Amino acid sequence: MTCNAVDTRIPAERRAGAPTPVVFIGGLGRSGSTLLELLLTGVPGMVPVGEVRHLWARGLRDDDRCACGAPFSACPFWASVGDHSFGGWASVDADRTIALARRVDRHRQLLSTVPAWRERSHALRCYGEMLERLFAGILAVSGGEVVVDSSKDPPHGFVLGRTPGIDLGVVHLVRDSRGVADSWAKTVSRPDAVGGPAMMTRLAPWRTAMMWVDTNLLVEALGRGRRSLRLRYEDVATRPDEAVRRVGALAGLAAPGEIDPQRREHHAIGGNPVRFHRAPLDVSLDDRWRATMATADRRVVTALTAALLRRYGYRLRSTG
């Protein structure tokens, strides 16, 4: 494939400048990334934009709703980003961009993002250049200093980490595997979908457990050798001020002394449906799994994830 999803030549002045600061939130879905992202909207200079890896499909192709409530095509923020980054979204071929991303942003393509293979990967360079332009446009339009990308999936993080024009910091977000498995087993609607709510994917507890181990090990690997920190969802929900200060420090920004529970408008693509709620943010621990999760499922998930549960400071025995 050639670099023909869009003219991806970055202007010389952009390449000569400093890389764009990006904080990547990595971890398995249903681990509280949307809550953390909403908290980070209160940090001056920080620009959370949701799950960037889904922008090309859910935003550009499917025209799903932005967190501001407008369809992607009608959102003034994203329209301005498209104009600044690509001369308008009409110049970006959504299908070609999605195909380009799939060549590098998938688990089976992780080898293409390691240093020994990076120079051979034409697709990685092309897609990386598109991301450079996108993130630079986000900061230019927002006036912010650091983009927060809560895509979570490790392959996307490795692409960001191997893109020269991106200065990457990694937040490894972890949640108790039993809580994650219980959440993935539930039916949850996705209200941003075109034509009304669609259902989010459901997974069997044992499958979620295996994904939890794989994802967290990969995010650990991504964070090695670069600015990174680990946060537990349970600590974010019970001590949000401390969590925000830690992320602010990672990004080189001063976080507020106290979290404001009022929701601030932001323009996130993808994530938990809570991003659409306009009421004050309810920062509270969701540990209903302790009472609702079937004993057999709990035992299976605990057995499959025991080693990492201990590493992350969780107790193997939990009572309902």
# chains A, B, ... in the order shown; residues from 1 in each chain; ligands from 1

call {"tool": "select_by_dssp", "arguments": {"residues": "range 28-150 of chain A", "states": "helix (DSSP H, G or I)", "output": "PyMOL selection string"}}
result
chain A and resi 33-40+52-61+72-74+76-86+89-91+94-102+107-113+115-118+122-142

call {"tool": "closest_atom_pairs", "arguments": {"of": "range 238-301 of chain A", "to": "range 66-70 of chain A", "cutoff": "6 Å", "atoms": "only C-alpha atoms", "output": "tab-separated table"}}
result
residue	atom	partner	partner_atom	distance
A:His267	CA	A:Ala67	CA	5.2
A:Ala268	CA	A:Ala67	CA	5.0
A:Ile269	CA	A:Cys66	CA	5.5
A:Arg275	CA	A:Ala67	CA	5.9
A:Phe276	CA	A:Ala67	CA	5.5

call {"tool": "write_last_selection", "arguments": {"atoms": "N, CA and C atoms", "output": "tab-separated table (two decimals), in the first residue's frame"}}
result
chain	number	residue	atom	x	y	z
A	267	HIS	N	-14.27	16.71	23.65
A	267	HIS	CA	-14.61	16.16	22.34
A	267	HIS	C	-13.96	14.80	22.16
A	268	ALA	N	-14.51	13.83	22.88
A	268	ALA	CA	-13.96	12.48	22.87
A	268	ALA	C	-14.67	11.60	21.85
A	269	ILE	N	-13.88	10.78	21.18
A	269	ILE	CA	-14.40	9.76	20.27
A	269	ILE	C	-14.19	8.41	20.94
A	275	ARG	N	-19.46	9.40	29.17
A	275	ARG	CA	-18.94	10.66	28.64
A	275	ARG	C	-20.05	11.56	28.09
A	276	PHE	N	-21.24	11.00	27.87
A	276	PHE	CA	-22.36	11.80	27.36
A	276	PHE	C	-23.19	12.44	28.47

call {"tool": "closest_residue", "arguments": {"among": "A:His122, A:Ile25, A:Ala291, A:Asp182", "to": "Ser228 in chain A", "atoms": "only C-alpha atoms"}}
result
A:Ile25

call {"tool": "residues_around", "arguments": {"residues": "range 51-64 of chain A", "least_positions_apart": "6", "cutoff": "8 Å", "atoms": "only C-alpha atoms", "output": "PyMOL selection string"}}
result
chain A and resi 71-73+89+94-95+97-98+149-152+156+192-194+268-271

call {"tool": "atom_distance", "arguments": {"atom1": "CA of Thr208 in chain A", "atom2": "CA of Arg288 in chain A"}}
result
17.4 Å

call {"tool": "closest_residue", "arguments": {"among": "A:Arg207, A:His266, A:Arg175, A:Arg133", "to": "Leu39 in chain A", "atoms": "only C-alpha atoms"}}
result
A:His266

call {"tool": "atom_distance", "arguments": {"atom1": "CA of Leu168 in chain A", "atom2": "CA of Thr201 in chain A"}}
result
29.1 Å

call {"tool": "closest_residue", "arguments": {"among": "A:Leu250, A:Pro273, A:Ser177, A:Glu258", "to": "Trp289 in chain A", "atoms": "only C-alpha atoms"}}
result
A:Ser177

call {"tool": "closest_atom_pairs", "arguments": {"of": "range 125-158 of chain A", "to": "range 102-105 of chain A", "cutoff": "10 Å", "atoms": "only C-alpha atoms", "output": "CSV"}}
result
residue,atom,partner,partner_atom,distance
A:Arg125,CA,A:Val104,CA,9.7
A:Tyr127,CA,A:Val104,CA,8.2
A:Gly128,CA,A:Val104,CA,9.6
A:Asp153,CA,A:Asp105,CA,8.8
A:Pro154,CA,A:Asp105,CA,8.6
A:Pro155,CA,A:Asp105,CA,5.1
A:His156,CA,A:Asp105,CA,5.2
A:Gly157,CA,A:Asp105,CA,8.6
A:Phe158,CA,A:Asp105,CA,8.2

call {"tool": "residues_around", "arguments": {"residues": "Pro19 in chain A", "least_positions_apart": "3", "cutoff": "7 Å", "atoms": "only C-alpha atoms", "output": "PyMOL selection string"}}
result
chain A and resi 165-167

call {"tool": "write_last_selection", "arguments": {"atoms": "C-alpha atoms", "output": "PDB file, in the first residue's frame"}}
result
ATOM      1  CA  GLY A 165       6.973  13.354  15.843  1.00  0.00           C
ATOM      2  CA  ILE A 166       5.268  12.171  19.055  1.00  0.00           C
ATOM      3  CA  ASP A 167       6.716  12.563  22.553  1.00  0.00           C
TER       4      ASP A 167
END

call {"tool": "closest_atom_pairs", "arguments": {"of": "range 134-237 of chain A", "to": "range 81-84 of chain A", "cutoff": "12 Å", "atoms": "only C-alpha atoms", "output": "Markdown table"}}
result
| residue | atom | partner | partner_atom | distance |
| --- | --- | --- | --- | --- |
| A:Leu134 | CA | A:Val81 | CA | 7.2 |
| A:Phe135 | CA | A:Val81 | CA | 8.8 |
| A:Ala136 | CA | A:His84 | CA | 8.6 |
| A:Gly137 | CA | A:Val81 | CA | 5.2 |
| A:Ile138 | CA | A:Val81 | CA | 5.7 |
| A:Leu139 | CA | A:Val81 | CA | 8.8 |
| A:Ala140 | CA | A:His84 | CA | 7.8 |
| A:Val141 | CA | A:Val81 | CA | 6.2 |
| A:Ser142 | CA | A:Val81 | CA | 8.8 |
| A:Gly143 | CA | A:Val81 | CA | 11.6 |

call {"tool": "write_last_selection", "arguments": {"atoms": "N, CA and C atoms", "output": "mmCIF file, in the first residue's frame"}}
result
data_model
loop_
_atom_site.group_PDB
_atom_site.id
_atom_site.type_symbol
_atom_site.label_atom_id
_atom_site.label_comp_id
_atom_site.auth_asym_id
_atom_site.auth_seq_id
_atom_site.Cartn_x
_atom_site.Cartn_y
_atom_site.Cartn_z
ATOM 1 N N LEU A 134 -2.478 14.740 12.933
ATOM 2 C CA LEU A 134 -3.710 14.801 13.715
ATOM 3 C C LEU A 134 -3.456 15.424 15.086
ATOM 4 N N PHE A 135 -2.450 14.931 15.809
ATOM 5 C CA PHE A 135 -2.181 15.436 17.156
ATOM 6 C C PHE A 135 -1.729 16.894 17.131
ATOM 7 N N ALA A 136 -0.919 17.249 16.149
ATOM 8 C CA ALA A 136 -0.497 18.644 16.034
ATOM 9 C C ALA A 136 -1.701 19.552 15.803
ATOM 10 N N GLY A 137 -2.651 19.084 14.983
ATOM 11 C CA GLY A 137 -3.856 19.855 14.739
ATOM 12 C C GLY A 137 -4.722 19.998 15.977
ATOM 13 N N ILE A 138 -4.806 18.944 16.775
ATOM 14 C CA ILE A 138 -5.589 18.988 18.013
ATOM 15 C C ILE A 138 -5.053 20.061 18.947
ATOM 16 N N LEU A 139 -3.728 20.116 19.106
ATOM 17 C CA LEU A 139 -3.151 21.130 19.994
ATOM 18 C C LEU A 139 -3.308 22.526 19.411
ATOM 19 N N ALA A 140 -3.152 22.666 18.102
ATOM 20 C CA ALA A 140 -3.285 23.984 17.479
ATOM 21 C C ALA A 140 -4.698 24.528 17.645
ATOM 22 N N VAL A 141 -5.696 23.686 17.451
ATOM 23 C CA VAL A 141 -7.096 24.122 17.536
ATOM 24 C C VAL A 141 -7.514 24.371 18.981
ATOM 25 N N SER A 142 -7.069 23.506 19.885
ATOM 26 C CA SER A 142 -7.488 23.613 21.284
ATOM 27 C C SER A 142 -6.698 24.645 22.069
ATOM 28 N N GLY A 143 -5.499 24.955 21.621
ATOM 29 C CA GLY A 143 -4.621 25.823 22.389
ATOM 30 C C GLY A 143 -3.988 25.111 23.564
#

call {"tool": "residues_around", "arguments": {"residues": "range 304-316 of chain A", "least_positions_apart": "6", "cutoff": "10 Å", "atoms": "only C-alpha atoms", "output": "list in words"}}
result
Val174, Arg175, Asp176, Ser177, Arg178, Trp206, Arg207, Thr208, Ala209, Met210, Met211, Trp212, Val213, Asn216, Leu217, Arg230, Leu231 and Arg232 of chain A

call {"tool": "select_by_dssp", "arguments": {"residues": "range 223-279 of chain A", "states": "strand (DSSP E)", "output": "JSON, numbers by chain"}}
result
{"A": [228, 229, 230, 231, 232]}
